$ cat my_file.txt   # compact mmCIF, C-alpha atoms
# COMPACT_ATOMS: atom_id res chain seq x y z
CA SER A 16 -18.78 -5.84 17.56
CA LYS A 17 -15.24 -7.26 17.83
CA ILE A 18 -13.18 -7.10 14.65
CA ASN A 19 -9.61 -8.23 13.99
CA ARG A 20 -7.58 -7.32 10.91
CA PHE A 21 -4.60 -9.06 9.36
CA SER A 22 -2.44 -8.89 6.25
CA PHE A 23 -3.55 -11.54 3.76
CA ASP A 24 -0.20 -11.47 1.98
CA TRP A 25 -0.50 -12.43 -1.69
CA GLN A 26 3.24 -13.13 -1.89
CA LYS A 27 2.98 -15.77 0.85
CA VAL A 28 -0.38 -17.23 -0.14
CA GLN A 29 0.50 -17.62 -3.84
CA PRO A 30 4.29 -17.85 -4.13
CA GLN A 31 3.90 -19.02 -7.74
CA GLN A 32 1.03 -18.92 -10.20
CA GLY A 33 -1.48 -21.72 -9.69
CA THR A 34 -0.17 -22.66 -6.24
CA PHE A 35 -2.03 -21.53 -3.12
CA ASP A 36 -0.97 -21.93 0.50
CA PHE A 37 -3.71 -20.75 2.85
CA SER A 38 -2.07 -22.13 6.01
CA LEU A 39 -1.07 -18.77 7.51
CA PRO A 40 -4.40 -16.98 6.94
CA GLU A 41 -6.11 -20.14 8.23
CA GLU A 42 -4.32 -19.60 11.55
CA PHE A 43 -5.51 -16.00 11.78
CA VAL A 44 -9.09 -16.79 10.82
CA ALA A 45 -9.29 -19.80 13.15
CA SER A 46 -8.04 -17.63 16.03
CA ASP A 47 -10.65 -14.98 15.25
CA GLU A 48 -13.37 -17.62 15.14
CA ALA A 49 -12.25 -19.11 18.45
CA ASN A 50 -12.40 -15.69 20.09
CA SER A 51 -15.66 -14.52 18.44
CA PHE A 52 -14.03 -11.86 16.28
CA SER A 53 -15.15 -10.89 12.81
CA THR A 54 -12.23 -10.72 10.37
CA ILE A 55 -10.92 -8.06 8.01
CA ALA A 56 -8.43 -9.60 5.56
CA VAL A 57 -6.17 -7.06 3.82
CA LEU A 58 -5.39 -8.42 0.37
CA GLU A 59 -2.05 -6.89 -0.63
CA HIS A 60 1.53 -7.30 -1.94
CA THR A 61 1.97 -8.24 -5.58
CA PRO A 62 4.31 -11.25 -6.01
CA TYR A 63 7.29 -11.17 -8.41
CA TRP A 64 5.61 -13.50 -10.88
CA ALA A 65 2.36 -11.47 -10.94
CA THR A 66 3.65 -8.21 -12.44
CA ASN A 67 5.16 -7.31 -15.78
CA VAL A 68 7.33 -4.63 -14.14
CA ALA A 69 11.02 -5.48 -13.74
CA THR A 70 11.69 -4.56 -10.11
CA THR A 71 13.39 -5.71 -6.93
CA ASN A 72 10.30 -4.70 -4.95
CA PRO A 73 7.11 -5.97 -6.60
CA SER A 74 4.77 -5.41 -3.64
CA ALA A 75 3.32 -2.10 -4.87
CA GLN A 76 3.29 -2.93 -8.58
CA VAL A 77 0.20 -3.21 -10.79
CA PRO A 78 -0.73 -6.89 -11.24
CA ALA A 79 -0.53 -8.31 -14.77
CA GLY A 80 -3.76 -8.60 -16.74
CA LEU A 81 -5.61 -6.18 -14.46
CA TYR A 82 -7.68 -4.71 -17.31
CA GLN A 83 -8.92 -8.10 -18.44
CA ALA A 84 -12.29 -9.37 -17.18
CA TRP A 85 -12.07 -10.29 -13.51
CA ASN A 86 -12.46 -14.00 -14.33
CA ASP A 87 -10.10 -14.04 -17.30
CA PRO A 88 -7.18 -16.40 -16.47
CA ALA A 89 -4.79 -13.61 -17.51
CA ASN A 90 -6.12 -11.40 -14.68
CA VAL A 91 -3.91 -12.73 -11.89
CA TRP A 92 -5.37 -10.37 -9.25
CA GLY A 93 -8.90 -11.51 -10.04
CA ALA A 94 -7.84 -15.16 -9.81
CA PHE A 95 -6.12 -14.62 -6.45
CA VAL A 96 -9.04 -12.70 -4.92
CA TYR A 97 -11.62 -15.21 -6.14
CA ALA A 98 -9.65 -18.23 -4.89
CA SER A 99 -9.12 -16.58 -1.50
CA ALA A 100 -12.74 -15.53 -1.00
CA ALA A 101 -13.97 -18.94 -2.17
CA HIS A 102 -11.65 -20.75 0.24
CA PHE A 103 -12.85 -18.66 3.20
CA LYS A 104 -16.48 -18.32 2.15
CA GLY A 105 -18.64 -17.52 5.17
CA ARG A 106 -15.61 -17.12 7.45
CA ILE A 107 -14.12 -13.73 6.48
CA ALA A 108 -16.60 -10.88 6.87
CA TYR A 109 -14.58 -8.11 5.21
CA TYR A 110 -11.94 -7.86 2.51
CA GLU A 111 -9.87 -4.67 2.49
CA LEU A 112 -8.38 -4.29 -0.96
CA TRP A 113 -4.80 -3.09 -0.51
CA ASN A 114 -3.24 -0.98 2.22
CA GLU A 115 -2.39 2.73 2.11
CA PRO A 116 -2.26 3.02 -1.70
CA ASP A 117 -1.97 6.80 -1.31
CA LEU A 118 1.47 6.78 0.35
CA LEU A 119 3.80 9.34 -1.22
CA GLY A 120 6.16 8.26 -3.95
CA GLY A 121 4.20 5.16 -4.87
CA ALA A 122 5.39 3.34 -1.76
CA GLY A 123 2.01 1.67 -1.30
CA TRP A 124 0.78 1.58 -4.91
CA ALA A 125 3.04 2.24 -7.90
CA GLY A 126 0.21 2.44 -10.44
CA SER A 127 -2.07 5.36 -11.23
CA ARG A 128 -5.25 6.18 -9.36
CA ALA A 129 -7.22 4.89 -12.33
CA ASP A 130 -5.25 1.64 -12.04
CA PHE A 131 -6.23 1.43 -8.40
CA PHE A 132 -9.89 1.85 -9.29
CA GLN A 133 -9.47 -1.10 -11.67
CA LEU A 134 -7.90 -3.12 -8.83
CA LEU A 135 -10.91 -2.25 -6.65
CA LYS A 136 -13.38 -3.11 -9.41
CA VAL A 137 -11.82 -6.47 -10.21
CA GLY A 138 -11.43 -7.33 -6.53
CA TYR A 139 -15.04 -6.43 -5.73
CA LEU A 140 -16.44 -8.53 -8.56
CA ALA A 141 -14.23 -11.50 -7.59
CA VAL A 142 -15.18 -11.32 -3.90
CA LYS A 143 -18.90 -11.07 -4.63
CA ALA A 144 -18.74 -13.97 -7.12
CA ALA A 145 -17.09 -16.19 -4.49
CA ASP A 146 -18.84 -14.98 -1.34
CA PRO A 147 -21.74 -12.56 -1.91
CA ALA A 148 -22.17 -11.88 1.82
CA ALA A 149 -18.59 -10.64 2.28
CA GLN A 150 -18.07 -6.87 2.36
CA VAL A 151 -15.39 -4.99 0.41
CA ILE A 152 -13.52 -2.06 1.97
CA THR A 153 -11.39 0.32 -0.09
CA GLY A 154 -7.68 0.11 0.75
CA GLY A 155 -7.18 2.09 3.97
CA LEU A 156 -5.96 5.59 3.09
CA ASN A 157 -3.03 7.19 4.84
CA TYR A 158 -4.89 9.85 4.26
CA ASN A 159 -4.72 11.84 1.06
CA PRO A 160 -8.25 13.12 0.23
CA THR A 161 -7.37 13.88 -3.40
CA TRP A 162 -6.59 10.20 -3.89
CA LEU A 163 -10.15 9.18 -3.06
CA ASN A 164 -11.50 12.01 -5.23
CA ASP A 165 -9.64 10.67 -8.27
CA VAL A 166 -10.49 7.02 -7.62
CA LEU A 167 -14.18 7.87 -7.30
CA ALA A 168 -14.06 9.97 -10.48
CA ALA A 169 -12.94 6.83 -12.33
CA ASP A 170 -15.64 4.91 -10.50
CA ARG A 171 -18.39 7.31 -11.60
CA ALA A 172 -17.18 7.12 -15.19
CA ASP A 173 -17.55 3.34 -15.30
CA PRO A 174 -20.85 2.47 -17.03
CA SER A 175 -21.41 -0.61 -14.85
CA ALA A 176 -20.48 0.97 -11.52
CA GLN A 177 -23.95 1.93 -10.31
CA ALA A 178 -25.29 -1.57 -11.00
CA ASN A 179 -22.42 -3.00 -8.95
CA ASN A 180 -22.65 -0.81 -5.84
CA TYR A 181 -19.76 1.30 -7.20
CA TYR A 182 -17.47 -1.65 -6.48
CA PHE A 183 -17.11 -1.18 -2.73
CA ASP A 184 -19.19 -1.47 0.43
CA ALA A 185 -17.20 0.79 2.77
CA VAL A 186 -14.37 3.35 2.79
CA GLY A 187 -11.21 2.56 4.75
CA ILE A 188 -9.18 5.31 6.44
CA HIS A 189 -6.15 5.42 8.74
CA SER A 190 -5.40 8.04 11.37
CA TYR A 191 -2.22 8.73 13.29
CA GLY A 192 -0.97 11.87 15.00
CA ARG A 193 -3.52 14.37 16.26
CA SER A 194 -6.26 12.77 18.34
CA ILE A 195 -8.93 15.00 16.77
CA ALA A 196 -7.98 13.91 13.23
CA PRO A 197 -10.47 11.01 12.95
CA TYR A 198 -13.34 13.49 13.21
CA THR A 199 -12.08 15.45 10.20
CA LEU A 200 -11.16 12.36 8.18
CA VAL A 201 -14.58 10.74 8.57
CA LEU A 202 -16.35 13.93 7.53
CA GLN A 203 -14.00 14.30 4.55
CA ALA A 204 -14.71 10.74 3.42
CA HIS A 205 -18.47 11.28 3.51
CA ASN A 206 -18.06 14.62 1.72
CA VAL A 207 -15.95 13.08 -1.06
CA LEU A 208 -18.64 10.43 -1.61
CA ARG A 209 -21.31 13.13 -1.75
CA GLN A 210 -19.33 15.26 -4.20
CA ALA A 211 -18.79 12.22 -6.43
CA GLY A 212 -22.51 11.57 -6.51
CA ILE A 213 -22.08 8.15 -4.93
CA PRO A 214 -24.56 7.05 -2.25
CA ASP A 215 -23.15 7.29 1.26
CA LYS A 216 -21.18 4.31 2.57
CA PRO A 217 -19.93 3.19 5.98
CA VAL A 218 -16.47 4.43 6.98
CA PHE A 219 -14.02 2.13 8.76
CA ALA A 220 -10.94 3.45 10.57
CA THR A 221 -8.97 0.24 10.05
CA GLU A 222 -5.86 1.70 11.71
CA LEU A 223 -5.82 4.18 14.56
CA GLY A 224 -3.04 4.39 17.11
CA ILE A 225 0.11 5.81 18.65
CA PRO A 226 3.25 4.05 19.97
CA VAL A 227 4.71 4.74 23.43
CA ASP A 228 8.34 5.47 24.27
CA ASP A 229 8.34 4.85 28.02
CA ASP A 230 6.91 1.34 28.53
CA PRO A 231 9.56 0.05 28.13
CA PRO A 232 11.77 3.11 27.55
CA SER A 233 12.88 3.47 23.93
CA SER A 234 14.54 5.97 21.62
CA THR A 235 11.58 5.97 19.22
CA SER A 236 11.13 9.19 17.25
CA GLY A 237 8.36 10.62 15.11
CA ILE A 238 4.71 10.15 16.09
CA VAL A 239 5.08 8.82 19.63
CA GLY A 240 3.81 9.55 23.12
CA ALA A 241 4.31 8.69 26.76
CA THR A 242 1.91 6.12 28.21
CA VAL A 243 -0.31 8.80 29.72
CA GLU A 244 -0.47 10.59 26.35
CA ALA A 245 -1.39 7.35 24.57
CA GLN A 246 -4.15 6.77 27.12
CA ALA A 247 -5.57 10.22 26.41
CA TYR A 248 -5.17 9.66 22.66
CA ARG A 249 -7.27 6.49 22.82
CA VAL A 250 -10.13 8.25 24.56
CA VAL A 251 -10.10 11.46 22.50
CA SER A 252 -9.52 9.81 19.10
CA PHE A 253 -12.33 7.31 19.63
CA ALA A 254 -14.66 10.09 20.77
CA ALA A 255 -13.65 12.19 17.75
CA ALA A 256 -14.30 9.32 15.36
CA LEU A 257 -17.71 8.65 16.89
CA ALA A 258 -18.59 12.35 16.69
CA GLY A 259 -17.64 12.31 12.99
CA GLY A 260 -19.94 9.36 12.34
CA ILE A 261 -17.46 6.47 12.12
CA ASP A 262 -18.98 3.02 11.71
CA HIS A 263 -16.07 0.86 12.94
CA MET A 264 -12.62 1.63 14.32
CA LEU A 265 -9.71 -0.69 14.97
CA TRP A 266 -6.83 0.12 17.30
CA TYR A 267 -3.36 -0.44 15.86
CA ARG A 268 -2.33 -2.79 17.42
CA ALA A 269 -3.44 -5.45 19.91
CA SER A 270 0.14 -6.54 20.72
CA ASP A 271 3.75 -5.38 20.44
CA VAL A 272 4.72 -8.75 18.93
CA GLY A 273 6.38 -8.36 15.55
CA GLN A 274 6.71 -4.59 15.79
CA PRO A 275 9.85 -2.44 16.17
CA GLN A 276 7.83 0.12 18.15
CA TYR A 277 5.51 -0.30 21.13
CA TRP A 278 2.05 0.10 19.60
CA GLY A 279 0.25 -2.66 21.43
CA LEU A 280 -2.52 -2.72 23.98
CA TYR A 281 -0.50 -5.71 25.23
CA LYS A 282 3.26 -6.00 25.67
CA TYR A 283 5.46 -8.77 24.26
CA LYS A 284 4.79 -11.12 27.18
CA GLY A 285 1.03 -10.61 27.14
CA GLN A 286 0.93 -8.06 29.95
CA ALA A 287 -1.71 -5.36 29.43
CA ARG A 288 -0.29 -1.89 28.87
CA PRO A 289 -1.98 0.66 31.19

$ encode --input "my_file.txt" --output "structure tokens"
Amino acid sequence: SKINRFSFDWQKVQPQQGTFDFSLPEEFVASDEANSFSTIAVLEHTPYWATNVATTNPSAQVPAGLYQAWNDPANVWGAFVYASAAHFKGRIAYYELWNEPDLLGGAGWAGSRADFFQLLKVGYLAVKAADPAAQVITGGLNYNPTWLNDVLAADRADPSAQANNYYFDAVGIHSYGRSIAPYTLVLQAHNVLRQAGIPDKPVFATELGIPVDDDPPSSTSGIVGATVEAQAYRVVSFAAALAGGIDHMLWYRASDVGQPQYWGLYKYKGQARP
């Protein structure tokens, strides 16, 4: 099946409490519908008004009222997720709750791992209340296996978790670097679920890719390859993921547009990259 993924940016959708602007995600979803893609919406980025933490960068902060009931007006994350899933009911197939919360130094998520479980729990309940058919994916991991271990430990300890599908439908992972890595990451994800005593779930590689430095030539450093290396990476990484038992994998990205590096299957002017 064809799946597209986009950032459903809380800061842009709800710039102030009680005010929603769905115009940008509407564009993404309408494009997916027109091209017969299913949609993964990544709900992320805490707005300034939605956290009690004094900071110049609220994106990774714990939302206010997170430990209230999901439908308590004080739970701003629950209200945002419910309003979003209700607005797009029947149109968005998957909601990925956050992105790379396991980044080092709290760059993706400044709260604890128990806080992240609470974010997942509240988000799951809000999505299912608004659109029961929509599926919830854990925030794609960068990938730190101990992070998932700790989140699932909190999950298992929740007395209502089993009755609520453990508050997620699928595990999200990301893989960059070695082309064989998806094989290991998928097996690790299934193993962590098994060790936690949680029934097995689908695994989605919601980001998988490598940028090129020769088409056009660039001075990019870090994880990068020549075009021929990226071609080989696509083949080997997809084969590795399939061998590991992946359920869905998404290449990062379709286009170079909006990116400082050349990740795309298509260049800026729409020309296919070999």

$ residues_around --input "my_file.txt" --residues "A:Trp278" --least-positions-apart "2" --cutoff "6 Å" --atoms "all atoms listed in the file" --output "ChimeraX atom specification"
/A:226,268,271,276

$ closest_atom_pairs --input "my_file.txt" --of "stretch 18-105 of chain A" --to "stretch 212-220 of chain A" --cutoff "12 Å" --atoms "only C-alpha atoms" --output "JSON lines"
{"residue": "A:Ile18", "atom": "CA", "partner": "A:Phe219", "partner_atom": "CA", "distance": 11.0}
{"residue": "A:Arg20", "atom": "CA", "partner": "A:Ala220", "partner_atom": "CA", "distance": 11.3}
{"residue": "A:Ile55", "atom": "CA", "partner": "A:Phe219", "partner_atom": "CA", "distance": 10.7}

$ closest_residue --input "my_file.txt" --among "A:Leu134, A:Ala45, A:Ala101, A:Ala168" --to "A:Ala75" --atoms "only C-alpha atoms"
A:Leu134

$ atom_distance --input "my_file.txt" --atom1 "atom CA of A:Ala241" --atom2 "atom CA of A:Arg288"
11.7 Å

$ atom_distance --input "my_file.txt" --atom1 "atom CA of A:Val151" --atom2 "atom CA of A:Val186"
8.7 Å

$ atom_distance --input "my_file.txt" --atom1 "atom CA of A:Val227" --atom2 "atom CA of A:Ala245"
6.7 Å

$ closest_residue --input "my_file.txt" --among "A:Val272, A:His189, A:Ala49, A:Lys136" --to "A:Gln177" --atoms "all atoms listed in the file"
A:Lys136

$ residues_near_point --input "my_file.txt" --point "(-17.3, -13.4, -6.4)" --cutoff "10 Å" --atoms "all atoms listed in the file" --output "MDAnalysis selection string"
chainID A and resid 85:86 93 96:98 100:101 104 137:149

$ residues_around --input "my_file.txt" --residues "A:Val201" --least-positions-apart "6" --cutoff "8 Å" --atoms "only C-alpha atoms" --output "ChimeraX atom specification"
/A:188,218,256,259-261

$ residues_around --input "my_file.txt" --residues "A:Tyr283" --least-positions-apart "4" --cutoff "10 Å" --atoms "all atoms listed in the file" --output "JSON, numbers by chain"
{"A": [270, 271, 272, 273, 274, 277, 279, 287]}

$ residues_around --input "my_file.txt" --residues "A:Val243" --least-positions-apart "5" --cutoff "10 Å" --atoms "only C-alpha atoms" --output "PDB file with C-alpha atoms, in the frame of the given file"
ATOM      1  CA  VAL A 227       4.710   4.740  23.430  1.00  0.00           C
ATOM      2  CA  ASP A 229       8.340   4.850  28.020  1.00  0.00           C
ATOM      3  CA  TYR A 248      -5.170   9.660  22.660  1.00  0.00           C
ATOM      4  CA  PRO A 289      -1.980   0.660  31.190  1.00  0.00           C
TER       5      PRO A 289
END

$ residues_around --input "my_file.txt" --residues "A:Val28" --least-positions-apart "6" --cutoff "7 Å" --atoms "all atoms listed in the file" --output "list in words"
Phe35, Asp36 and Phe37 of chain A

$ write_last_selection --input "my_file.txt" --atoms "C-alpha atoms" --output "short mmCIF file (atom, residue, chain, number, x, y, z; two decimals), keeping the file's coordinate frame"
data_model
loop_
_atom_site.label_atom_id
_atom_site.label_comp_id
_atom_site.auth_asym_id
_atom_site.auth_seq_id
_atom_site.Cartn_x
_atom_site.Cartn_y
_atom_site.Cartn_z
CA PHE A 35 -2.03 -21.53 -3.12
CA ASP A 36 -0.97 -21.93 0.50
CA PHE A 37 -3.71 -20.75 2.85
#

$ axis_aligned_box --input "my_file.txt" --around "stretch 148-156 of chain A" --padding-each-side "3 Å" --output "AutoDock Vina command-line options"
--center_x -14.1 --center_y -3.1 --center_z 1.9 --size_x 22.2 --size_y 23.5 --size_z 10.1

$ closest_residue --input "my_file.txt" --among "A:Leu257, A:Val44, A:Ala172, A:Leu167" --to "A:Thr199" --atoms "all atoms listed in the file"
A:Leu257

$ closest_residue --input "my_file.txt" --among "A:Leu119, A:Tyr182, A:Ala176, A:Gly126" --to "A:Tyr158" --atoms "only C-alpha atoms"
A:Leu119
